>>> print(open('run.cif').read())   # mmCIF, C-alpha atoms and all ligand atoms
data_my_file
loop_
_atom_site.label_atom_id
_atom_site.label_comp_id
_atom_site.auth_asym_id
_atom_site.auth_seq_id
_atom_site.Cartn_x
_atom_site.Cartn_y
_atom_site.Cartn_z
CA MET A 1 3.62 -20.19 -12.71
CA GLY A 2 4.83 -19.57 -16.28
CA THR A 3 5.91 -16.26 -17.76
CA THR A 4 4.10 -13.00 -17.29
CA THR A 5 4.39 -9.62 -18.89
CA PHE A 6 2.91 -6.64 -17.16
CA GLN A 7 0.01 -6.88 -19.60
CA GLN A 8 -0.76 -10.52 -19.14
CA PRO A 9 -0.99 -12.65 -16.04
CA ASP A 10 0.11 -16.30 -16.11
CA THR A 11 -2.40 -19.11 -16.65
CA GLN A 12 -3.37 -19.08 -12.96
CA GLY A 13 -3.99 -15.34 -13.07
CA TYR A 14 -0.83 -14.20 -11.29
CA TYR A 15 0.91 -10.90 -11.96
CA GLY A 16 4.22 -11.65 -10.26
CA PRO A 17 3.24 -12.78 -6.75
CA PHE A 18 -0.25 -11.23 -6.89
CA GLY A 19 -3.55 -12.51 -8.29
CA GLY A 20 -4.90 -16.06 -8.45
CA ALA A 21 -8.37 -17.23 -7.50
CA TYR A 22 -9.06 -17.66 -3.78
CA ILE A 23 -12.70 -18.67 -3.75
CA PRO A 24 -15.08 -20.79 -1.72
CA GLU A 25 -15.88 -24.22 -3.16
CA MET A 26 -19.44 -23.05 -3.93
CA LEU A 27 -18.14 -20.56 -6.51
CA HIS A 28 -15.71 -22.92 -8.16
CA ARG A 29 -18.00 -23.93 -11.04
CA ASN A 30 -18.94 -20.35 -11.91
CA VAL A 31 -15.43 -19.01 -11.82
CA GLU A 32 -14.04 -22.01 -13.69
CA GLU A 33 -16.72 -21.66 -16.41
CA LEU A 34 -15.74 -18.01 -16.82
CA ARG A 35 -12.02 -18.75 -16.78
CA SER A 36 -12.24 -21.47 -19.40
CA ARG A 37 -14.45 -19.45 -21.77
CA TYR A 38 -13.75 -15.71 -21.46
CA LEU A 39 -10.88 -15.50 -23.94
CA ASP A 40 -12.63 -17.57 -26.60
CA ILE A 41 -15.86 -15.60 -26.28
CA MET A 42 -14.02 -12.26 -26.35
CA GLN A 43 -12.23 -13.30 -29.52
CA GLU A 44 -15.40 -14.40 -31.38
CA ALA A 45 -16.06 -12.22 -34.41
CA GLY A 46 -19.75 -11.83 -33.45
CA PHE A 47 -18.86 -10.75 -29.92
CA GLN A 48 -16.29 -8.23 -31.13
CA LYS A 49 -18.70 -6.83 -33.71
CA GLU A 50 -21.45 -6.24 -31.15
CA PHE A 51 -19.01 -4.91 -28.51
CA GLN A 52 -17.33 -2.46 -30.89
CA GLN A 53 -20.64 -1.32 -32.33
CA LEU A 54 -22.07 -0.57 -28.88
CA LEU A 55 -18.90 1.24 -27.82
CA ARG A 56 -19.23 3.43 -30.90
CA ASP A 57 -22.97 3.99 -31.30
CA TYR A 58 -24.24 3.66 -27.71
CA VAL A 59 -21.32 4.83 -25.56
CA GLY A 60 -20.01 7.43 -28.02
CA ARG A 61 -16.44 6.14 -28.42
CA PRO A 62 -13.78 7.05 -29.26
CA THR A 63 -13.68 9.56 -26.41
CA PRO A 64 -11.65 12.68 -27.23
CA LEU A 65 -8.03 13.17 -26.22
CA PHE A 66 -8.13 16.85 -25.32
CA LEU A 67 -5.08 19.09 -25.01
CA ALA A 68 -6.12 21.18 -22.00
CA GLU A 69 -4.40 24.43 -22.93
CA ARG A 70 -5.05 26.58 -19.88
CA LEU A 71 -4.26 23.70 -17.51
CA SER A 72 -1.09 23.04 -19.52
CA LYS A 73 -0.12 26.71 -19.21
CA HIS A 74 -0.77 26.56 -15.46
CA TYR A 75 1.66 23.65 -15.06
CA ASN A 76 3.99 24.75 -17.90
CA THR A 77 3.73 21.34 -19.60
CA PRO A 78 1.32 19.82 -22.13
CA VAL A 79 -1.50 17.90 -20.41
CA TYR A 80 -3.85 15.77 -22.51
CA LEU A 81 -7.12 14.70 -20.91
CA LYS A 82 -8.56 11.35 -22.00
CA ARG A 83 -12.23 12.24 -21.74
CA GLU A 84 -13.85 9.11 -20.28
CA ASP A 85 -16.25 11.55 -18.57
CA LEU A 86 -17.92 11.99 -21.96
CA ASN A 87 -18.97 8.35 -22.19
CA HIS A 88 -22.68 7.52 -21.94
CA THR A 89 -23.44 7.29 -18.18
CA GLY A 90 -20.48 9.54 -17.37
CA ALA A 91 -17.49 7.32 -16.68
CA HIS A 92 -15.24 4.57 -17.99
CA LYS A 93 -17.26 1.91 -16.16
CA ILE A 94 -19.62 1.39 -19.13
CA ASN A 95 -16.79 -0.12 -21.26
CA ASN A 96 -16.50 -3.06 -18.88
CA ALA A 97 -20.23 -3.34 -18.15
CA ILE A 98 -21.05 -3.77 -21.84
CA GLY A 99 -18.30 -6.34 -22.27
CA GLN A 100 -19.36 -8.42 -19.28
CA VAL A 101 -23.10 -8.32 -20.00
CA LEU A 102 -22.51 -9.46 -23.60
CA LEU A 103 -20.28 -12.23 -22.23
CA ALA A 104 -22.90 -13.24 -19.64
CA GLN A 105 -25.49 -13.55 -22.40
CA ARG A 106 -23.20 -15.91 -24.29
CA LEU A 107 -22.79 -17.95 -21.10
CA GLY A 108 -26.60 -18.25 -20.96
CA LYS A 109 -26.98 -16.21 -17.73
CA LYS A 110 -30.36 -14.64 -17.02
CA ARG A 111 -29.64 -12.51 -13.98
CA ILE A 112 -26.94 -9.89 -13.39
CA ILE A 113 -25.57 -8.74 -10.04
CA ALA A 114 -23.03 -5.99 -9.39
CA GLU A 115 -21.44 -4.07 -6.53
CA THR A 116 -20.94 -0.34 -6.69
CA GLY A 117 -19.15 2.37 -4.73
CA ALA A 118 -19.64 5.72 -6.43
CA GLY A 119 -22.63 4.26 -8.24
CA GLN A 120 -21.00 4.68 -11.66
CA HIS A 121 -20.46 0.95 -12.12
CA GLY A 122 -23.98 0.26 -10.82
CA VAL A 123 -25.46 2.79 -13.24
CA ALA A 124 -23.40 1.41 -16.11
CA THR A 125 -24.50 -2.16 -15.36
CA ALA A 126 -28.15 -1.15 -14.87
CA THR A 127 -27.97 0.71 -18.19
CA VAL A 128 -26.67 -2.24 -20.17
CA CYS A 129 -29.18 -4.57 -18.46
CA ALA A 130 -32.01 -2.22 -19.49
CA LEU A 131 -30.66 -2.19 -23.02
CA LYS A 132 -30.61 -5.97 -23.11
CA GLY A 133 -33.75 -6.64 -21.03
CA ILE A 134 -31.96 -8.50 -18.23
CA GLU A 135 -32.75 -8.45 -14.50
CA CYS A 136 -30.19 -6.38 -12.53
CA ILE A 137 -29.47 -6.27 -8.81
CA VAL A 138 -26.91 -3.80 -7.46
CA TYR A 139 -25.35 -3.96 -3.98
CA MET A 140 -24.26 -0.63 -2.54
CA GLY A 141 -23.01 0.41 0.91
CA SER A 142 -25.59 2.43 2.87
CA LYS A 143 -23.07 5.26 3.33
CA ASP A 144 -22.56 5.40 -0.44
CA ILE A 145 -26.32 5.30 -1.03
CA GLU A 146 -26.47 8.53 0.95
CA ARG A 147 -23.52 10.35 -0.63
CA GLN A 148 -24.23 9.28 -4.23
CA ALA A 149 -28.01 9.79 -4.22
CA PRO A 150 -28.31 10.87 -7.88
CA ASN A 151 -26.79 7.57 -9.01
CA VAL A 152 -29.14 5.57 -6.78
CA ALA A 153 -32.09 7.34 -8.43
CA ARG A 154 -30.64 6.64 -11.88
CA MET A 155 -30.24 2.91 -11.15
CA ARG A 156 -33.83 2.71 -9.95
CA MET A 157 -35.10 4.57 -13.03
CA LEU A 158 -33.20 2.09 -15.16
CA GLY A 159 -35.12 -0.76 -13.54
CA ALA A 160 -32.41 -2.11 -11.25
CA THR A 161 -32.98 -3.18 -7.65
CA VAL A 162 -30.53 -1.44 -5.30
CA ILE A 163 -29.83 -3.42 -2.11
CA PRO A 164 -28.06 -1.60 0.75
CA ALA A 165 -25.00 -3.21 2.38
CA THR A 166 -25.23 -2.31 6.05
CA SER A 167 -22.18 -4.08 7.50
CA GLY A 168 -18.67 -2.70 8.22
CA SER A 169 -17.96 0.77 6.86
CA GLN A 170 -21.08 0.46 4.65
CA THR A 171 -19.03 1.19 1.54
CA LEU A 172 -17.61 -0.64 -1.48
CA LYS A 173 -15.91 -3.49 0.39
CA ASP A 174 -19.17 -4.37 2.13
CA ALA A 175 -21.18 -4.13 -1.10
CA THR A 176 -18.69 -6.53 -2.69
CA ASN A 177 -19.11 -8.99 0.21
CA GLU A 178 -22.89 -8.94 -0.30
CA ALA A 179 -22.59 -9.46 -4.06
CA ILE A 180 -20.28 -12.46 -3.53
CA ARG A 181 -22.81 -13.87 -1.04
CA ASP A 182 -25.59 -13.50 -3.63
CA TRP A 183 -23.44 -15.27 -6.27
CA ILE A 184 -22.81 -18.17 -3.91
CA ASN A 185 -26.58 -18.50 -3.40
CA ASN A 186 -27.35 -18.27 -7.14
CA PRO A 187 -24.57 -20.23 -8.78
CA THR A 188 -26.20 -21.24 -12.07
CA ASP A 189 -28.29 -18.46 -13.61
CA THR A 190 -26.36 -15.41 -12.36
CA HIS A 191 -23.31 -13.53 -13.64
CA TYR A 192 -21.49 -11.22 -11.25
CA VAL A 193 -20.30 -8.12 -13.14
CA ILE A 194 -17.31 -7.00 -11.07
CA GLY A 195 -16.61 -3.31 -11.66
CA SER A 196 -12.86 -3.15 -11.35
CA VAL A 197 -9.65 -5.14 -11.94
CA VAL A 198 -10.18 -7.00 -8.67
CA GLY A 199 -11.69 -10.36 -7.75
CA PRO A 200 -10.57 -13.89 -8.61
CA HIS A 201 -8.90 -14.71 -11.92
CA PRO A 202 -10.07 -14.14 -14.66
CA TYR A 203 -11.74 -10.90 -13.55
CA PRO A 204 -8.64 -8.66 -13.31
CA ASP A 205 -7.48 -9.69 -16.78
CA MET A 206 -10.96 -9.63 -18.30
CA VAL A 207 -11.78 -6.16 -16.96
CA ALA A 208 -8.36 -4.81 -17.99
CA ARG A 209 -8.97 -6.09 -21.52
CA PHE A 210 -12.41 -4.45 -21.71
CA GLN A 211 -10.94 -1.16 -20.43
CA SER A 212 -7.84 -1.36 -22.65
CA VAL A 213 -9.78 0.53 -25.33
CA ILE A 214 -8.78 3.67 -23.39
CA SER A 215 -5.05 3.30 -24.10
CA GLU A 216 -5.62 1.82 -27.56
CA GLU A 217 -7.41 5.03 -28.55
CA THR A 218 -4.90 7.23 -26.69
CA ARG A 219 -1.97 5.83 -28.68
CA ALA A 220 -3.68 6.49 -32.01
CA GLN A 221 -4.89 9.94 -30.94
CA LEU A 222 -1.47 11.00 -29.65
CA LYS A 223 0.10 9.87 -32.91
CA GLU A 224 -2.42 11.93 -34.84
CA GLN A 225 -2.05 15.02 -32.65
CA THR A 226 1.68 15.01 -31.88
CA GLY A 227 3.26 12.61 -34.37
CA LYS A 228 4.36 10.34 -31.48
CA GLU A 229 2.45 7.37 -30.06
CA LEU A 230 4.13 7.35 -26.65
CA PRO A 231 3.56 10.01 -24.01
CA THR A 232 6.06 10.82 -21.26
CA ARG A 233 3.63 9.56 -18.65
CA VAL A 234 0.07 8.43 -18.04
CA ILE A 235 -1.69 9.42 -14.82
CA ALA A 236 -4.84 7.78 -13.46
CA CYS A 237 -6.60 7.45 -10.12
CA VAL A 238 -6.85 4.01 -8.53
CA GLY A 239 -9.72 2.57 -6.53
CA GLY A 240 -9.62 -1.07 -7.57
CA GLY A 241 -7.72 0.14 -10.59
CA SER A 242 -9.82 -0.35 -13.75
CA ASN A 243 -9.51 3.08 -15.36
CA ALA A 244 -5.78 3.01 -14.58
CA ALA A 245 -5.45 -0.51 -16.01
CA GLY A 246 -7.24 0.62 -19.18
CA ALA A 247 -5.24 3.85 -19.48
CA PHE A 248 -1.92 2.02 -18.87
CA TYR A 249 -2.64 -1.21 -20.79
CA HIS A 250 -1.01 -0.49 -24.16
CA PHE A 251 1.87 1.31 -22.44
CA LEU A 252 2.58 -1.34 -19.78
CA ASP A 253 5.32 -2.98 -21.79
CA GLU A 254 6.75 0.35 -23.05
CA PRO A 255 9.37 1.08 -20.38
CA SER A 256 9.88 4.70 -21.51
CA VAL A 257 6.32 5.60 -20.48
CA GLU A 258 6.01 6.50 -16.81
CA LEU A 259 2.86 5.06 -15.22
CA VAL A 260 1.51 7.14 -12.36
CA ALA A 261 -1.25 5.73 -10.17
CA VAL A 262 -2.91 8.01 -7.63
CA GLU A 263 -4.59 6.64 -4.52
CA ALA A 264 -6.89 8.39 -2.07
CA ALA A 265 -5.11 9.60 1.06
CA GLY A 266 -8.35 10.74 2.72
CA HIS A 267 -7.41 13.00 5.66
CA GLY A 268 -3.71 12.07 5.16
CA VAL A 269 -1.96 8.74 4.49
CA TYR A 270 -1.20 8.09 8.18
CA SER A 271 -4.27 9.82 9.64
CA GLY A 272 -6.19 6.60 10.19
CA LEU A 273 -8.73 7.89 7.65
CA SER A 274 -7.22 6.92 4.32
CA ALA A 275 -7.47 4.52 1.38
CA ALA A 276 -3.83 4.63 0.21
CA THR A 277 -3.50 0.87 -0.13
CA THR A 278 0.04 0.61 -1.51
CA GLN A 279 1.36 2.87 1.28
CA LEU A 280 -0.51 1.12 4.08
CA GLY A 281 -1.26 -2.37 2.77
CA LYS A 282 0.45 -5.72 3.15
CA PRO A 283 0.05 -8.86 1.04
CA GLY A 284 -3.23 -10.57 1.79
CA VAL A 285 -6.35 -12.01 0.19
CA LEU A 286 -9.41 -9.85 -0.39
CA HIS A 287 -12.42 -10.64 -2.56
CA GLY A 288 -10.85 -13.64 -4.24
CA SER A 289 -7.34 -12.54 -5.12
CA LYS A 290 -3.99 -12.08 -3.46
CA SER A 291 -2.93 -8.47 -3.48
CA LEU A 292 -2.03 -5.60 -1.18
CA VAL A 293 -4.69 -5.09 1.46
CA MET A 294 -5.05 -2.58 4.30
CA GLN A 295 -5.16 -4.85 7.33
CA THR A 296 -4.32 -5.08 11.02
CA GLU A 297 -1.45 -7.20 12.40
CA ASP A 298 -3.81 -10.16 12.70
CA GLY A 299 -5.20 -9.80 9.19
CA GLN A 300 -8.47 -7.95 9.84
CA VAL A 301 -9.33 -5.59 6.99
CA VAL A 302 -8.95 -1.93 8.01
CA GLU A 303 -11.92 0.28 7.12
CA PRO A 304 -10.80 2.76 4.46
CA HIS A 305 -11.81 6.39 4.07
CA SER A 306 -11.98 8.70 1.09
CA ILE A 307 -14.20 11.63 0.17
CA SER A 308 -14.65 9.78 -3.10
CA ALA A 309 -16.84 6.70 -2.91
CA GLY A 310 -15.12 5.10 -5.92
CA LEU A 311 -11.69 5.16 -4.23
CA ASP A 312 -12.92 4.16 -0.77
CA TYR A 313 -11.59 0.58 -0.94
CA PRO A 314 -8.98 -1.19 1.25
CA GLY A 315 -7.49 -3.23 -1.61
CA ILE A 316 -6.11 -2.76 -5.10
CA GLY A 317 -6.10 -4.99 -8.18
CA PRO A 318 -3.24 -7.52 -8.43
CA LEU A 319 -1.84 -5.90 -11.58
CA HIS A 320 -1.35 -2.67 -9.63
CA ALA A 321 0.15 -4.46 -6.63
CA HIS A 322 2.68 -5.91 -9.10
CA LEU A 323 3.32 -2.52 -10.74
CA PHE A 324 3.98 -1.09 -7.27
CA ASN A 325 6.08 -3.97 -6.01
CA SER A 326 8.24 -4.17 -9.12
CA GLY A 327 8.75 -0.42 -9.36
CA ARG A 328 7.20 -0.27 -12.86
CA GLY A 329 4.50 2.08 -11.60
CA SER A 330 4.86 5.23 -9.48
CA PHE A 331 2.24 5.38 -6.75
CA LEU A 332 1.23 8.77 -5.37
CA SER A 333 -1.65 9.79 -3.17
CA ALA A 334 -3.89 12.83 -2.86
CA THR A 335 -5.94 13.88 0.16
CA ASP A 336 -9.63 14.77 0.14
CA ASP A 337 -8.68 18.47 0.21
CA ASP A 338 -6.10 18.10 -2.59
CA ALA A 339 -8.72 16.44 -4.77
CA VAL A 340 -11.39 19.10 -4.19
CA GLN A 341 -8.87 21.87 -4.93
CA ALA A 342 -7.77 20.14 -8.13
CA ALA A 343 -11.42 19.76 -9.18
CA PHE A 344 -12.12 23.46 -8.71
CA LEU A 345 -8.99 24.34 -10.69
CA LEU A 346 -10.09 22.19 -13.64
CA CYS A 347 -13.58 23.74 -13.54
CA LYS A 348 -12.15 27.27 -13.67
CA LEU A 349 -9.42 26.60 -16.25
CA GLU A 350 -11.13 24.20 -18.64
CA GLY A 351 -14.88 24.32 -18.00
CA ILE A 352 -14.94 20.65 -17.03
CA ILE A 353 -16.41 19.40 -13.73
CA PRO A 354 -14.55 16.17 -12.93
CA ALA A 355 -15.65 13.25 -10.76
CA LEU A 356 -14.11 13.28 -7.28
CA GLU A 357 -12.20 10.11 -8.20
CA SER A 358 -10.61 11.71 -11.29
CA SER A 359 -9.79 14.80 -9.21
CA HIS A 360 -7.26 12.70 -7.29
CA ALA A 361 -5.40 12.09 -10.56
CA LEU A 362 -5.54 15.83 -11.29
CA ALA A 363 -4.11 16.59 -7.84
CA ALA A 364 -1.00 14.55 -8.73
CA LEU A 365 -0.04 17.23 -11.27
CA THR A 366 1.04 19.40 -8.32
CA GLN A 367 3.39 16.65 -7.05
CA LEU A 368 5.31 15.82 -10.22
CA LYS A 369 8.29 17.60 -11.77
CA LEU A 370 6.79 18.38 -15.15
CA GLN A 371 8.85 19.70 -18.07
CA PRO A 372 7.68 21.85 -21.00
CA ASN A 373 8.92 19.37 -23.63
CA GLU A 374 6.92 16.40 -22.27
CA ALA A 375 3.45 14.99 -22.95
CA THR A 376 1.34 13.92 -19.99
CA VAL A 377 -1.87 11.97 -20.54
CA LEU A 378 -4.35 12.07 -17.66
CA CYS A 379 -7.33 9.75 -17.59
CA LEU A 380 -10.36 11.86 -16.69
CA SER A 381 -12.30 8.80 -15.60
CA GLY A 382 -15.67 10.42 -14.94
CA ARG A 383 -17.78 13.54 -14.69
CA GLY A 384 -18.69 15.31 -11.49
CA ASP A 385 -22.49 15.50 -11.67
CA LYS A 386 -22.84 12.75 -9.07
CA ASP A 387 -20.55 14.70 -6.70
CA LEU A 388 -22.26 18.09 -6.78
CA ALA A 389 -23.60 17.76 -3.23
CA THR A 390 -20.06 17.16 -1.92
CA TYR A 391 -18.59 19.96 -4.01
CA MET A 392 -21.36 22.37 -2.93
CA LYS A 393 -20.37 21.92 0.72
CA ARG A 394 -16.85 23.10 -0.21
CA LEU A 395 -17.82 26.11 -2.35
CA ASP A 396 -16.80 29.49 -0.86
C1 LIG B 1 -15.38 8.17 -12.15
C2 LIG B 1 -14.66 7.06 -11.44
N1 LIG B 1 -13.33 7.00 -11.53
C3 LIG B 1 -12.63 6.03 -10.89
C4 LIG B 1 -13.26 5.08 -10.14
C5 LIG B 1 -12.42 4.05 -9.43
O1 LIG B 1 -12.52 2.79 -9.96
P1 LIG B 1 -11.32 2.14 -10.78
O2 LIG B 1 -10.10 2.28 -9.92
O3 LIG B 1 -11.74 0.74 -10.97
O4 LIG B 1 -11.19 2.90 -12.05
C6 LIG B 1 -14.65 5.09 -10.02
C7 LIG B 1 -15.36 4.07 -9.23
O5 LIG B 1 -16.51 4.11 -9.00
C8 LIG B 1 -15.37 6.11 -10.70
O6 LIG B 1 -16.70 6.19 -10.62
#
>>> encode(input="run.cif", output="structure tokens", more="lines below")
Ligand SMILES: Cc1ncc(COP(=O)(O)O)c(C=O)c1O
Amino acid sequence: MGTTTFQQPDTQGYYGPFGGAYIPEMLHRNVEELRSRYLDIMQEAGFQKEFQQLLRDYVGRPTPLFLAERLSKHYNTPVYLKREDLNHTGAHKINNAIGQVLLAQRLGKKRIIAETGAGQHGVATATVCALKGIECIVYMGSKDIERQAPNVARMRMLGATVIPATSGSQTLKDATNEAIRDWINNPTDTHYVIGSVVGPHPYPDMVARFQSVISEETRAQLKEQTGKELPTRVIACVGGGSNAAGAFYHFLDEPSVELVAVEAAGHGVYSGLSAATTQLGKPGVLHGSKSLVMQTEDGQVVEPHSISAGLDYPGIGPLHAHLFNSGRGSFLSATDDDAVQAAFLLCKLEGIIPALESSHALAALTQLKLQPNEATVLCLSGRGDKDLATYMKRLD
């Protein structure tokens, strides 16, 4: 297997016991082409120039690191928000979408497919495809199509075709199944832009690298604002785990920095309506990699539940399974109600409406023992515009 750090998987894509590439024969050529070329392409000067330029001039990076003063006063500890919500299209997903579409172009691909849960990854991918004039097809669970209607409209305006996934719980897992099916049927001209640190190797590593800009900027910004590069802890929500992977990346091998991942507990971890994968999952294979998966005794995937479409997933990326298993990461969970309450608190104290996903990370602030002399960085992964209909139902 070779050596691994937390940052880097081994050559077969394993983080400890998790990862690898468990794929049908029909996908072997595609995945192997990607595996053998992604690092070289990402290191090309021309690729880096275009990627960095788009992150700056199109996305609006660097995103601010904002000391949230009233929130900090509320919890009696400094809380810095990494404002991924201010990115073009409203979430961190665009960092990865740009990276993968530029990579697909260099692989000569003419057609892009993607899966989406909350719609943020679908919107981000549709956006970059519009920018580059490439055909884009997005698979989305029918339940998510209903609860994230504004994002469905945005994808259509951007010229993408949105195809409903009607099987299972009609959410992210099912959309991913449909996208994989499409890729199997279109093995030569199509690139599958996976939206999180999941899927067969090299996706988890590739997506983590594209999202690592979050922690790269955070380190420099913390140094500038506080004189120290390392915070006490970094908190991020985890669906598949891409904003967390990006927010943790440059702190993974800094043992003094506590890494706090927050999963969706839905109606409660043991309520039967939850998506708290590390609490409920067992080792298994889902969507091409070995990780922790919510499953029955005989290995059937359990349908997850979360109020937030982006966290409504029965798996977790292999990096996070390893962080959990090894004890390097602390894994907490927040219920639907905790998340909504935390969102309303941020609105009132800081004038920021967070995405439901990010609200789970905010809810973790109530669970931690926070000290006045610390520095907590919280990845505010997205903005709440897409969630207004859900929030409105909960307004007094
Ligand atoms: C705003 C936002 N945050 C977080 C997530 C969860 O994804 P990940 O765990 O890959 O960051 C999503 C997914 O759609 C999202 O839209």
>>> residues_near_ligand(input="run.cif", ligand="ligand LIG 1 (chain B)", cutoff="8 Å", atoms="all atoms listed in the file", output="PyMOL selection string")
chain A and resi 85+90-93+116-121+195-197+237-245+309-311+355-358+380-384
>>> residues_around(input="run.cif", residues="stretch 150-166 of chain A", least_positions_apart="3", cutoff="8 Å", atoms="all atoms listed in the file", output="list in words")
Ala118, Gly119, Gln120, Gly122, Val123, Ala126, Thr127, Ala130, Glu135, Cys136, Ile137, Val138, Tyr139, Met140, Gly141, Ser142, Ile145, Ser169, Gln170, Thr171, Asp174, Ala175, Glu178 and Lys386 of chain A
>>> residues_around(input="run.cif", residues="A:Ser333", least_positions_apart="5", cutoff="8 Å", atoms="all atoms listed in the file", output="list in words")
Val262, Glu263, Ala264, Ala265, Val269, Ala276, His360 and Ala364 of chain A
>>> closest_atom_pairs(input="run.cif", of="stretch 52-153 of chain A", to="stretch 203-224 of chain A", cutoff="8 Å", atoms="all atoms listed in the file", output="JSON lines")
{"residue": "A:Pro62", "atom": "CA", "partner": "A:Glu217", "partner_atom": "CA", "distance": 6.7}
{"residue": "A:Leu65", "atom": "CA", "partner": "A:Gln221", "partner_atom": "CA", "distance": 6.5}
{"residue": "A:Lys82", "atom": "CA", "partner": "A:Thr218", "partner_atom": "CA", "distance": 7.2}
{"residue": "A:His92", "atom": "CA", "partner": "A:Gln211", "partner_atom": "CA", "distance": 7.6}
{"residue": "A:Asn95", "atom": "CA", "partner": "A:Gln211", "partner_atom": "CA", "distance": 6.0}
{"residue": "A:Asn96", "atom": "CA", "partner": "A:Phe210", "partner_atom": "CA", "distance": 5.2}
{"residue": "A:Gly99", "atom": "CA", "partner": "A:Phe210", "partner_atom": "CA", "distance": 6.2}
>>> residues_near_point(input="run.cif", point="(-6.9, -19.9, -15.1)", cutoff="9 Å", atoms="all atoms listed in the file", output="list in words")
Asp10, Thr11, Gln12, Gly13, Gly20, Ala21, Glu32, Arg35, Ser36, His201 and Pro202 of chain A
>>> write_last_selection(input="run.cif", atoms="C-alpha atoms", output="PDB file, keeping the file's coordinate frame")
ATOM      1  CA  ASP A  10       0.110 -16.300 -16.110  1.00  0.00           C
ATOM      2  CA  THR A  11      -2.400 -19.110 -16.650  1.00  0.00           C
ATOM      3  CA  GLN A  12      -3.370 -19.080 -12.960  1.00  0.00           C
ATOM      4  CA  GLY A  13      -3.990 -15.340 -13.070  1.00  0.00           C
ATOM      5  CA  GLY A  20      -4.900 -16.060  -8.450  1.00  0.00           C
ATOM      6  CA  ALA A  21      -8.370 -17.230  -7.500  1.00  0.00           C
ATOM      7  CA  GLU A  32     -14.040 -22.010 -13.690  1.00  0.00           C
ATOM      8  CA  ARG A  35     -12.020 -18.750 -16.780  1.00  0.00           C
ATOM      9  CA  SER A  36     -12.240 -21.470 -19.400  1.00  0.00           C
ATOM     10  CA  HIS A 201      -8.900 -14.710 -11.920  1.00  0.00           C
ATOM     11  CA  PRO A 202     -10.070 -14.140 -14.660  1.00  0.00           C
TER      12      PRO A 202
END
>>> closest_residue(input="run.cif", among="A:Tyr249, A:Ala104, A:Ala363, A:Tyr313", to="A:Ile41", atoms="only C-alpha atoms")
A:Ala104
>>> residues_around(input="run.cif", residues="stretch 180-189 of chain A", least_positions_apart="6", cutoff="7 Å", atoms="only C-alpha atoms", output="list in words")
Met26, Leu27, Asn30, Lys109, Lys110 and Arg111 of chain A
>>> atom_distance(input="run.cif", atom1="atom CA of A:Gly327", atom2="atom CA of A:Gly227")
28.7 Å
>>> closest_residue(input="run.cif", among="A:Val377, A:Leu81, A:Leu230, A:Leu273", to="A:Ser256", atoms="only C-alpha atoms")
A:Leu230
>>> atom_distance(input="run.cif", atom1="atom CA of A:Ala179", atom2="atom CA of A:Ile316")
17.8 Å
>>> closest_residue(input="run.cif", among="A:Asn325, A:Asn87, A:Ser306, A:Gln53", to="A:Gly272", atoms="all atoms listed in the file")
A:Ser306
>>> atom_distance(input="run.cif", atom1="atom CA of A:Ser291", atom2="atom CA of A:Ser326")
13.2 Å
>>> closest_residue(input="run.cif", among="A:Met42, A:Val301, A:Asp387, A:Leu323", to="A:Arg106", atoms="all atoms listed in the file")
A:Met42
>>> closest_residue(input="run.cif", among="A:Lys348, A:Glu84, A:Glu374, A:Asp144", to="A:Lys228", atoms="only C-alpha atoms")
A:Glu374
>>> residues_around(input="run.cif", residues="A:Met294", least_positions_apart="2", cutoff="8 Å", atoms="all atoms listed in the file", output="JSON, numbers by chain")
{"A": [277, 280, 281, 282, 292, 296, 301, 302, 303, 304, 314, 315]}
>>> residues_around(input="run.cif", residues="A:Tyr192", least_positions_apart="6", cutoff="7 Å", atoms="all atoms listed in the file", output="short mmCIF file (atom, residue, chain, number, x, y, z; two decimals) with C-alpha atoms, keeping the file's coordinate frame")
data_model
loop_
_atom_site.label_atom_id
_atom_site.label_comp_id
_atom_site.auth_asym_id
_atom_site.auth_seq_id
_atom_site.Cartn_x
_atom_site.Cartn_y
_atom_site.Cartn_z
CA ILE A 112 -26.94 -9.89 -13.39
CA ILE A 113 -25.57 -8.74 -10.04
CA ALA A 114 -23.03 -5.99 -9.39
CA TRP A 183 -23.44 -15.27 -6.27
#
>>> closest_residue(input="run.cif", among="A:Gly317, A:Pro255, A:Phe331, A:Phe6", to="A:Gln279", atoms="only C-alpha atoms")
A:Phe331
>>> axis_aligned_box(input="run.cif", around="stretch 40-57 of chain A", padding_each_side="4 Å", output="lines of an AutoDock Vina configuration file")
center_x = -17.6
center_y = -6.8
center_z = -30.3
size_x = 18.7
size_y = 29.6
size_z = 16.1
>>> residues_near_point(input="run.cif", point="(-0.1, -13.0, -13.7)", cutoff="9 Å", atoms="all atoms listed in the file", output="list of chain:residue names")
A:Met1, A:Gly2, A:Thr3, A:Thr4, A:Thr5, A:Phe6, A:Gln7, A:Gln8, A:Pro9, A:Asp10, A:Thr11, A:Gln12, A:Gly13, A:Tyr14, A:Tyr15, A:Gly16, A:Pro17, A:Phe18, A:Gly19, A:Gly20, A:Asp205, A:Pro318, A:Leu319, A:His322
